[in-house]
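Structure file model15.csv (CSV, C-alpha atoms and all ligand atoms) follows.
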```
chain,number,residue,atom,x,y,z
A,1,MET,CA,-1.2,-18.5,-11.7
A,2,ASP,CA,-1.0,-21.1,-8.9
A,3,GLN,CA,-2.6,-20.4,-5.5
A,4,PRO,CA,-0.2,-19.0,-2.9
A,5,VAL,CA,0.5,-21.2,0.1
A,6,PHE,CA,1.8,-19.8,3.3
A,7,ASP,CA,4.7,-21.5,5.0
A,8,HIS,CA,3.7,-22.5,8.6
A,9,ARG,CA,6.5,-20.4,10.2
A,10,LYS,CA,5.7,-17.0,11.7
A,11,LEU,CA,8.8,-14.8,11.3
A,12,GLY,CA,9.9,-11.9,13.5
A,13,LEU,CA,12.3,-9.1,12.3
A,14,ASP,CA,15.4,-11.0,13.2
A,15,ASP,CA,14.4,-14.4,11.8
A,16,VAL,CA,16.3,-15.6,8.7
A,17,PHE,CA,14.8,-17.0,5.5
A,18,GLU,CA,16.5,-17.9,2.2
A,19,PHE,CA,15.5,-16.2,-1.1
A,20,ALA,CA,16.9,-14.4,-4.1
A,21,CYS,CA,15.3,-12.9,-7.2
A,22,PHE,CA,17.4,-11.5,-10.1
A,23,PRO,CA,17.3,-11.0,-13.8
A,24,GLY,CA,18.3,-14.3,-15.4
A,25,ILE,CA,16.5,-16.6,-12.9
A,26,SER,CA,14.3,-19.1,-14.9
A,27,CYS,CA,11.0,-17.7,-13.5
A,28,TYR,CA,11.9,-14.0,-14.2
A,29,ASN,CA,8.7,-11.9,-14.4
A,30,LEU,CA,6.3,-14.9,-14.0
A,31,CYS,CA,5.0,-13.3,-10.7
A,32,CYS,CA,3.8,-10.2,-12.6
A,33,TYR,CA,0.9,-11.9,-14.3
A,34,ASP,CA,-2.7,-12.1,-13.1
A,35,VAL,CA,-1.9,-10.3,-9.8
A,36,ASN,CA,-4.5,-8.9,-7.5
A,37,LEU,CA,-2.5,-5.7,-7.1
A,38,VAL,CA,-4.4,-3.5,-4.6
A,39,LEU,CA,-2.8,-0.1,-4.1
A,40,SER,CA,-2.7,1.5,-0.7
A,41,PRO,CA,-2.8,5.4,-0.8
A,42,TYR,CA,1.0,5.5,-0.5
A,43,ASP,CA,1.5,2.9,-3.3
A,44,PHE,CA,-0.9,4.9,-5.4
A,45,LEU,CA,1.0,8.1,-4.8
A,46,ARG,CA,4.4,6.6,-5.6
A,47,VAL,CA,3.3,4.9,-8.8
A,48,ARG,CA,1.3,7.9,-10.0
A,49,LYS,CA,4.2,10.3,-9.4
A,50,ALA,CA,6.6,7.9,-11.2
A,51,LEU,CA,4.4,8.0,-14.2
A,52,GLY,CA,3.8,11.7,-14.0
A,53,LEU,CA,0.0,11.3,-14.1
A,54,SER,CA,-2.8,13.1,-12.2
A,55,SER,CA,-5.0,10.9,-9.9
A,56,ARG,CA,-7.8,11.0,-12.4
A,57,GLU,CA,-5.5,10.1,-15.4
A,58,PHE,CA,-4.0,7.2,-13.4
A,59,ILE,CA,-7.4,5.8,-12.5
A,60,GLU,CA,-8.7,6.1,-16.0
A,61,LYS,CA,-5.7,4.4,-17.6
A,62,PHE,CA,-4.5,1.8,-15.1
A,63,ALA,CA,-6.9,1.1,-12.3
A,64,GLU,CA,-10.2,-0.4,-11.2
A,65,LEU,CA,-12.1,1.3,-8.4
A,66,HIS,CA,-14.8,0.0,-6.1
A,67,LEU,CA,-16.0,0.2,-2.5
A,68,GLY,CA,-14.9,-2.5,-0.1
A,69,ASP,CA,-17.8,-4.7,1.1
A,70,VAL,CA,-16.8,-4.7,4.8
A,71,THR,CA,-14.7,-1.5,5.1
A,72,GLN,CA,-16.9,0.8,2.9
A,73,LEU,CA,-13.5,2.3,1.8
A,74,PRO,CA,-12.4,2.9,-1.8
A,75,VAL,CA,-10.3,0.1,-3.1
A,76,VAL,CA,-8.0,0.9,-6.0
A,77,SER,CA,-6.4,-2.0,-7.9
A,78,VAL,CA,-4.2,-2.2,-11.0
A,79,LYS,CA,-6.1,-3.5,-14.1
A,80,MET,CA,-4.1,-6.3,-15.6
A,81,GLN,CA,-3.8,-6.3,-19.5
A,82,GLU,CA,-6.7,-7.9,-21.2
A,83,HIS,CA,-4.8,-10.0,-23.7
A,84,ASP,CA,-2.3,-11.8,-21.4
A,85,PHE,CA,-3.2,-10.7,-17.9
A,86,ALA,CA,0.3,-9.1,-17.4
A,87,CYS,CA,0.7,-6.2,-15.1
A,88,PRO,CA,0.6,-3.0,-17.3
A,89,PHE,CA,4.0,-2.0,-15.9
A,90,LEU,CA,5.8,-5.2,-16.9
A,91,ARG,CA,8.4,-5.0,-19.7
A,92,PRO,CA,10.6,-7.8,-21.0
A,93,GLU,CA,13.5,-6.4,-19.0
A,94,GLY,CA,11.4,-6.3,-15.8
A,95,CYS,CA,9.3,-3.9,-13.8
A,96,SER,CA,9.2,-0.4,-15.5
A,97,ILE,CA,8.4,1.3,-12.2
A,98,TYR,CA,10.8,-0.7,-10.1
A,99,GLN,CA,12.0,2.2,-7.9
A,100,ASP,CA,8.3,3.0,-7.1
A,101,ARG,CA,6.8,-0.5,-7.2
A,102,PRO,CA,4.0,-1.2,-4.6
A,103,ALA,CA,4.6,-2.6,-1.2
A,104,SER,CA,3.3,-6.0,-2.0
A,105,CYS,CA,5.8,-6.4,-4.9
A,106,ARG,CA,8.6,-5.3,-2.5
A,107,THR,CA,7.5,-7.5,0.4
A,108,TYR,CA,7.1,-10.7,-1.7
A,109,PRO,CA,7.9,-13.6,-0.9
A,110,LEU,CA,6.9,-12.4,2.5
A,111,ALA,CA,3.5,-11.1,3.7
A,112,ARG,CA,3.3,-8.7,6.7
A,113,PHE,CA,0.7,-9.0,9.4
A,114,THR,CA,0.3,-6.4,12.1
A,115,GLY,CA,-2.2,-5.8,14.9
A,116,LYS,CA,-2.6,-6.0,18.7
A,117,ASP,CA,-2.4,-9.2,20.8
A,118,GLU,CA,-4.9,-10.1,23.5
A,119,GLU,CA,-3.1,-7.9,26.0
A,120,GLY,CA,-3.2,-4.9,23.6
A,121,LYS,CA,0.5,-5.1,22.7
A,122,PRO,CA,1.3,-4.3,19.0
A,123,PHE,CA,2.8,-7.2,17.0
A,124,GLU,CA,4.4,-7.5,13.5
A,125,ILE,CA,4.9,-10.9,12.0
A,126,TYR,CA,5.8,-12.1,8.5
A,127,ARG,CA,5.0,-15.3,6.7
A,128,ILE,CA,6.6,-16.8,3.6
A,129,ILE,CA,4.4,-17.2,0.5
A,130,ARG,CA,5.3,-20.2,-1.5
A,131,GLU,CA,4.2,-20.4,-5.1
A,132,THR,CA,5.3,-23.3,-7.3
A,133,HIS,CA,6.4,-21.1,-10.2
A,134,CYS,CA,8.8,-19.0,-7.9
A,135,ARG,CA,12.3,-20.5,-8.0
A,136,GLY,CA,13.7,-17.8,-5.7
A,137,HIS,CA,13.0,-20.0,-2.7
A,138,PHE,CA,15.7,-22.5,-3.9
A,139,GLU,CA,18.5,-19.8,-3.9
A,140,LYS,CA,20.8,-20.3,-0.9
A,141,ARG,CA,20.9,-16.6,0.1
A,142,PRO,CA,20.1,-16.2,3.8
A,143,ILE,CA,18.7,-12.8,4.9
A,144,THR,CA,16.9,-11.6,8.0
A,145,VAL,CA,13.4,-10.1,7.7
A,146,ARG,CA,14.8,-6.8,9.0
A,147,ASP,CA,17.5,-6.7,6.2
A,148,TRP,CA,14.9,-7.6,3.6
A,149,ILE,CA,12.7,-4.7,4.7
A,150,LYS,CA,15.7,-2.3,4.4
A,151,GLU,CA,16.9,-3.8,1.1
A,152,GLN,CA,13.5,-3.5,-0.5
A,153,GLY,CA,13.0,0.1,0.7
A,154,LEU,CA,9.9,-0.7,2.7
A,155,GLU,CA,10.2,1.7,5.6
A,156,PRO,CA,8.1,4.6,4.2
A,157,TYR,CA,5.5,2.1,3.0
A,158,HIS,CA,5.2,0.6,6.4
A,159,PHE,CA,4.8,4.1,8.0
A,160,PHE,CA,2.0,5.1,5.6
A,161,ASN,CA,0.3,1.7,5.5
A,162,ASP,CA,0.2,1.5,9.3
A,163,LEU,CA,-1.5,4.9,9.3
A,164,PHE,CA,-4.0,3.7,6.7
A,165,GLY,CA,-4.4,0.4,8.6
A,166,GLU,CA,-5.8,2.3,11.5
A,167,ILE,CA,-8.4,3.8,9.2
A,168,VAL,CA,-9.3,0.4,7.8
A,169,PHE,CA,-9.7,-0.9,11.3
A,170,ALA,CA,-11.9,2.0,12.3
A,171,CYS,CA,-14.1,1.5,9.2
A,172,GLN,CA,-14.6,-2.1,10.1
A,173,HIS,CA,-15.9,-1.1,13.5
A,174,MET,CA,-18.2,1.7,12.5
A,175,ASP,CA,-21.8,1.1,13.4
A,176,ARG,CA,-23.3,3.3,10.6
A,177,PRO,CA,-22.8,3.7,6.9
A,178,LEU,CA,-20.5,6.5,5.7
A,179,SER,CA,-22.3,9.5,4.1
A,180,ALA,CA,-21.6,10.5,0.5
A,181,ASP,CA,-19.7,13.6,1.8
A,182,GLU,CA,-17.6,11.5,4.1
A,183,LEU,CA,-16.8,9.1,1.3
A,184,ASP,CA,-15.7,12.0,-1.0
A,185,LEU,CA,-13.4,13.3,1.7
A,186,ILE,CA,-11.9,9.9,2.4
A,187,TYR,CA,-11.3,9.2,-1.3
A,188,ASN,CA,-9.7,12.6,-1.8
A,189,ALA,CA,-7.5,12.4,1.3
A,190,CYS,CA,-6.3,8.9,0.2
A,191,TYR,CA,-6.3,9.0,-3.6
A,192,GLY,CA,-7.5,12.4,-4.9
A,193,LEU,CA,-4.7,14.6,-3.5
A,194,GLU,CA,-5.3,17.4,-6.0
A,195,ALA,CA,-8.9,17.9,-4.6
A,196,PHE,CA,-7.7,17.3,-1.0
A,197,ARG,CA,-5.1,20.1,-1.5
A,198,GLU,CA,-8.0,22.5,-2.4
A,199,PHE,CA,-9.8,21.4,0.7
A,200,VAL,CA,-6.8,22.1,2.9
A,201,GLU,CA,-6.3,25.6,1.3
A,202,LYS,CA,-10.0,26.5,2.0
A,203,ASN,CA,-10.1,25.0,5.5
A,204,LYS,CA,-7.0,26.1,7.3
A,205,ALA,CA,-8.8,27.3,10.4
A,206,TYR,CA,-10.7,24.0,10.8
A,207,LEU,CA,-7.5,22.1,10.4
A,208,GLU,CA,-5.9,24.2,13.1
A,209,LYS,CA,-8.9,23.5,15.3
A,210,VAL,CA,-8.3,19.7,15.0
A,211,GLY,CA,-4.7,20.1,16.0
A,212,PHE,CA,-2.6,20.8,12.9
A,213,SER,CA,0.0,23.5,13.2
A,214,ALA,CA,0.5,26.2,10.5
A,215,ASP,CA,3.8,24.5,9.8
A,216,ASP,CA,2.0,21.1,9.2
A,217,ILE,CA,-0.4,22.8,6.8
A,218,SER,CA,2.3,24.7,4.8
A,219,LYS,CA,4.4,21.5,4.5
A,220,ALA,CA,1.3,19.6,3.3
A,221,LEU,CA,0.6,22.3,0.7
A,222,ALA,CA,4.2,22.1,-0.6
A,223,GLU,CA,4.8,18.3,-0.8
A,224,GLU,CA,2.4,15.4,-1.7
A,225,GLU,CA,3.8,12.9,0.8
A,226,GLU,CA,3.2,15.5,3.6
A,227,LEU,CA,-0.3,16.1,2.2
A,228,LEU,CA,-1.1,12.4,2.3
A,229,LYS,CA,0.3,12.2,5.9
A,230,LEU,CA,-1.9,15.1,6.9
A,231,GLY,CA,-4.9,13.6,5.1
A,232,LEU,CA,-4.7,10.3,6.8
A,233,GLU,CA,-4.2,12.0,10.2
A,234,PHE,CA,-7.1,14.3,9.5
A,235,LEU,CA,-9.4,11.3,8.8
A,236,LYS,CA,-8.3,9.8,12.1
A,237,ARG,CA,-9.0,13.0,14.0
A,238,THR,CA,-12.4,13.6,12.5
A,239,ILE,CA,-14.6,10.9,10.8
A,240,PHE,CA,-12.9,8.0,12.6
A,241,ARG,CA,-11.9,9.5,16.0
A,242,ASP,CA,-14.3,7.3,18.0
A,243,HIS,CA,-13.4,4.0,16.3
A,244,LEU,CA,-9.6,3.8,16.2
A,245,PRO,CA,-7.8,0.7,17.5
B,1,LIG,S1,4.3,-3.3,-10.3
B,1,LIG,FE1,6.2,-4.1,-11.2
B,1,LIG,S2,6.8,-5.7,-9.8
B,1,LIG,FE2,4.7,-5.3,-9.3
B,1,LIG,S3,3.5,-6.7,-10.5
B,1,LIG,FE3,3.7,-4.9,-11.8
B,1,LIG,S4,5.5,-5.2,-13.0
B,1,LIG,FE4,5.6,-6.7,-11.4
B,2,LIG,S1,12.1,-15.5,-8.2
B,2,LIG,FE1,10.0,-15.4,-7.6
B,2,LIG,S2,9.8,-13.1,-7.3
B,2,LIG,FE2,11.6,-13.4,-8.5
B,2,LIG,S3,11.0,-13.3,-10.7
B,2,LIG,FE3,10.9,-15.5,-10.1
B,2,LIG,S4,8.7,-15.7,-9.5
B,2,LIG,FE4,9.1,-13.5,-9.4
```
Transcribe the structure of this file into structure tokens.
Ligand code: SF4
Ligand code: SF4
Amino acid sequence: MDQPVFDHRKLGLDDVFEFACFPGISCYNLCCYDVNLVLSPYDFLRVRKALGLSSREFIEKFAELHLGDVTQLPVVSVKMQEHDFACPFLRPEGCSIYQDRPASCRTYPLARFTGKDEEGKPFEIYRIIRETHCRGHFEKRPITVRDWIKEQGLEPYHFFNDLFGEIVFACQHMDRPLSADELDLIYNACYGLEAFREFVEKNKAYLEKVGFSADDISKALAEEEELLKLGLEFLKRTIFRDHLP
């Protein structure tokens, strides 16, 4: 696969770019080979639920897991097929998990960058990724970044990925290694929700002490997206509370 090159422009939400991708385009599916497909906690939840697998089953069957060098955080990425380097979810007719595909597959051909400027004001910019195999750039279909986000169903991904992004930032600014117990808790809150649910059931009083209401806790026990939201907030209020952006 050729190396991606970023267009020099920095796009805001109302800027327009031209792109279209559809079955029948000459490069159809070429972008689903040899991909470094890192799954955020929300990506992981969506794909795992779509396949009806437990966290452990998904990791064993489809993923590679390691700790990030700089962040110390668990990094989960999709293992490409050994024989042809295709994404394991690719079928001749396209992506078999299309409704639940990860954020990077939805955002492409854009890449999203967020942070705070020198005055501390939050920013969100997008850059166009150009790869020579991708013919979608030659399709004359103008669209704003805002409409692309909506069309690709990216809103919940941005919500969860921004929450997780605060944790990544905090990890990068910690002045000590994480303990084994902290790493277990982080892994479970982000990727091992079955174990994190047990933690919530056993520690309701502690969760209330760090500011969660009884309603927050019962919603989290009833629904996995709420459980992930509570888990990421819990990490921010406990392990990472002194290191947030
Ligand atoms: S998840 Fe779907 S869209 Fe993303 S690389 Fe795999 S097959 Fe392609
Ligand atoms: S147009 Fe680009 S994104 Fe769409 S299938 Fe072709 S290579 Fe993939």
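Taking atom CA of A:Ile25 and atom CA of A:His158 as endpoints, the distance between them is 28.2 Å.
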>> Counting all atoms listed in the file, which residue out of A:Arg241, A:Arg135, A:Lys79, A:Lys121 sits closest to A:Cys171?
In response: A:Arg241
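Nearest residue to ligand LIG 1 (chain B), choosing from A:Trp148, A:Phe234, A:Tyr108, A:Tyr191 and counting all atoms listed in the file: A:Tyr108.
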Using all atoms listed in the file, which protein or nucleic acid residues are at most 6 Å from ligand LIG 1 (chain B), as a PDB file with C-alpha atoms, in the frame of the given file?
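Generated file (out_33.pdb):
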```pdb
ATOM      1  CA  CYS A  32       3.800 -10.200 -12.600  1.00  0.00           C
ATOM      2  CA  CYS A  87       0.700  -6.200 -15.100  1.00  0.00           C
ATOM      3  CA  PHE A  89       4.000  -2.000 -15.900  1.00  0.00           C
ATOM      4  CA  LEU A  90       5.800  -5.200 -16.900  1.00  0.00           C
ATOM      5  CA  CYS A  95       9.300  -3.900 -13.800  1.00  0.00           C
ATOM      6  CA  ILE A  97       8.400   1.300 -12.200  1.00  0.00           C
ATOM      7  CA  TYR A  98      10.800  -0.700 -10.100  1.00  0.00           C
ATOM      8  CA  ARG A 101       6.800  -0.500  -7.200  1.00  0.00           C
ATOM      9  CA  CYS A 105       5.800  -6.400  -4.900  1.00  0.00           C
TER      10      CYS A 105
END
```
> Please, what distance in Å, to one decimal, runs between atom CA of A:Ser26 and atom CA of A:Ile129?
Replying inline: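 Distance between the two atoms: 18.4 Å.
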> Hey, can you check how far atom CA of A:Ala86 sits from atom CA of A:Ile128?
Replying inline: 23.2 Å
> If you count only C-alpha atoms and all ligand atoms, which residues end up within 6 Å of ligand LIG 2 (chain B), as an MDAnalysis selection string?
Replying inline: chainID A and resid 21 27:31 133:136
Keeping C-alpha atoms for every residue in the selection just given, could you write it to a file as a PDB file, keeping the file's coordinate frame?
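Once written, again-v2.pdb looks like this:
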```pdb
ATOM      1  CA  CYS A  21      15.300 -12.900  -7.200  1.00  0.00           C
ATOM      2  CA  CYS A  27      11.000 -17.700 -13.500  1.00  0.00           C
ATOM      3  CA  TYR A  28      11.900 -14.000 -14.200  1.00  0.00           C
ATOM      4  CA  ASN A  29       8.700 -11.900 -14.400  1.00  0.00           C
ATOM      5  CA  LEU A  30       6.300 -14.900 -14.000  1.00  0.00           C
ATOM      6  CA  CYS A  31       5.000 -13.300 -10.700  1.00  0.00           C
ATOM      7  CA  HIS A 133       6.400 -21.100 -10.200  1.00  0.00           C
ATOM      8  CA  CYS A 134       8.800 -19.000  -7.900  1.00  0.00           C
ATOM      9  CA  ARG A 135      12.300 -20.500  -8.000  1.00  0.00           C
ATOM     10  CA  GLY A 136      13.700 -17.800  -5.700  1.00  0.00           C
TER      11      GLY A 136
END
```
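Counting only C-alpha atoms and comparing A:Thr114, A:Phe17, A:Arg56, A:Gly24, the residue that lies closest to A:Glu93 is A:Gly24.
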Set the distance at 10 Å and use all atoms listed in the file: which residues neighbour A:Phe123 once local chain neighbours fewer than 5 positions away are removed? I'd like the list as a CSV table (one decimal) with C-alpha atoms, in the frame of the given file.
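New file result.csv:
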```csv
chain,number,residue,atom,x,y,z
A,12,GLY,CA,9.9,-11.9,13.5
A,113,PHE,CA,0.7,-9.0,9.4
A,114,THR,CA,0.3,-6.4,12.1
A,115,GLY,CA,-2.2,-5.8,14.9
A,116,LYS,CA,-2.6,-6.0,18.7
A,117,ASP,CA,-2.4,-9.2,20.8
```
> Pick from A:Gly94, A:Glu182, A:Glu139, A:Ser40: nearest to A:Pro23, with only C-alpha atoms counted?
Replying inline: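 Result for the nearest residue to A:Pro23: A:Gly94.
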> Can you find the residues with an atom no farther than 9 Å from (-3.5, -1.0, -15.6), counting all atoms listed in the file, and report them as a list in words?
Replying inline: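 Residues found, by chain and rising number: Phe58, Ile59, Glu60, Lys61, Phe62, Ala63, Glu64, Ser77, Val78, Lys79, Met80, Gln81, Cys87, Pro88 and Phe89 of chain A.
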> Quick one: of A:Asp162, A:Asp34, A:Glu208, A:Asp69, who's nearest to A:Lys229, counting all atoms listed in the file?
Replying inline: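 Closest residue, counting all atoms listed in the file: A:Asp162.
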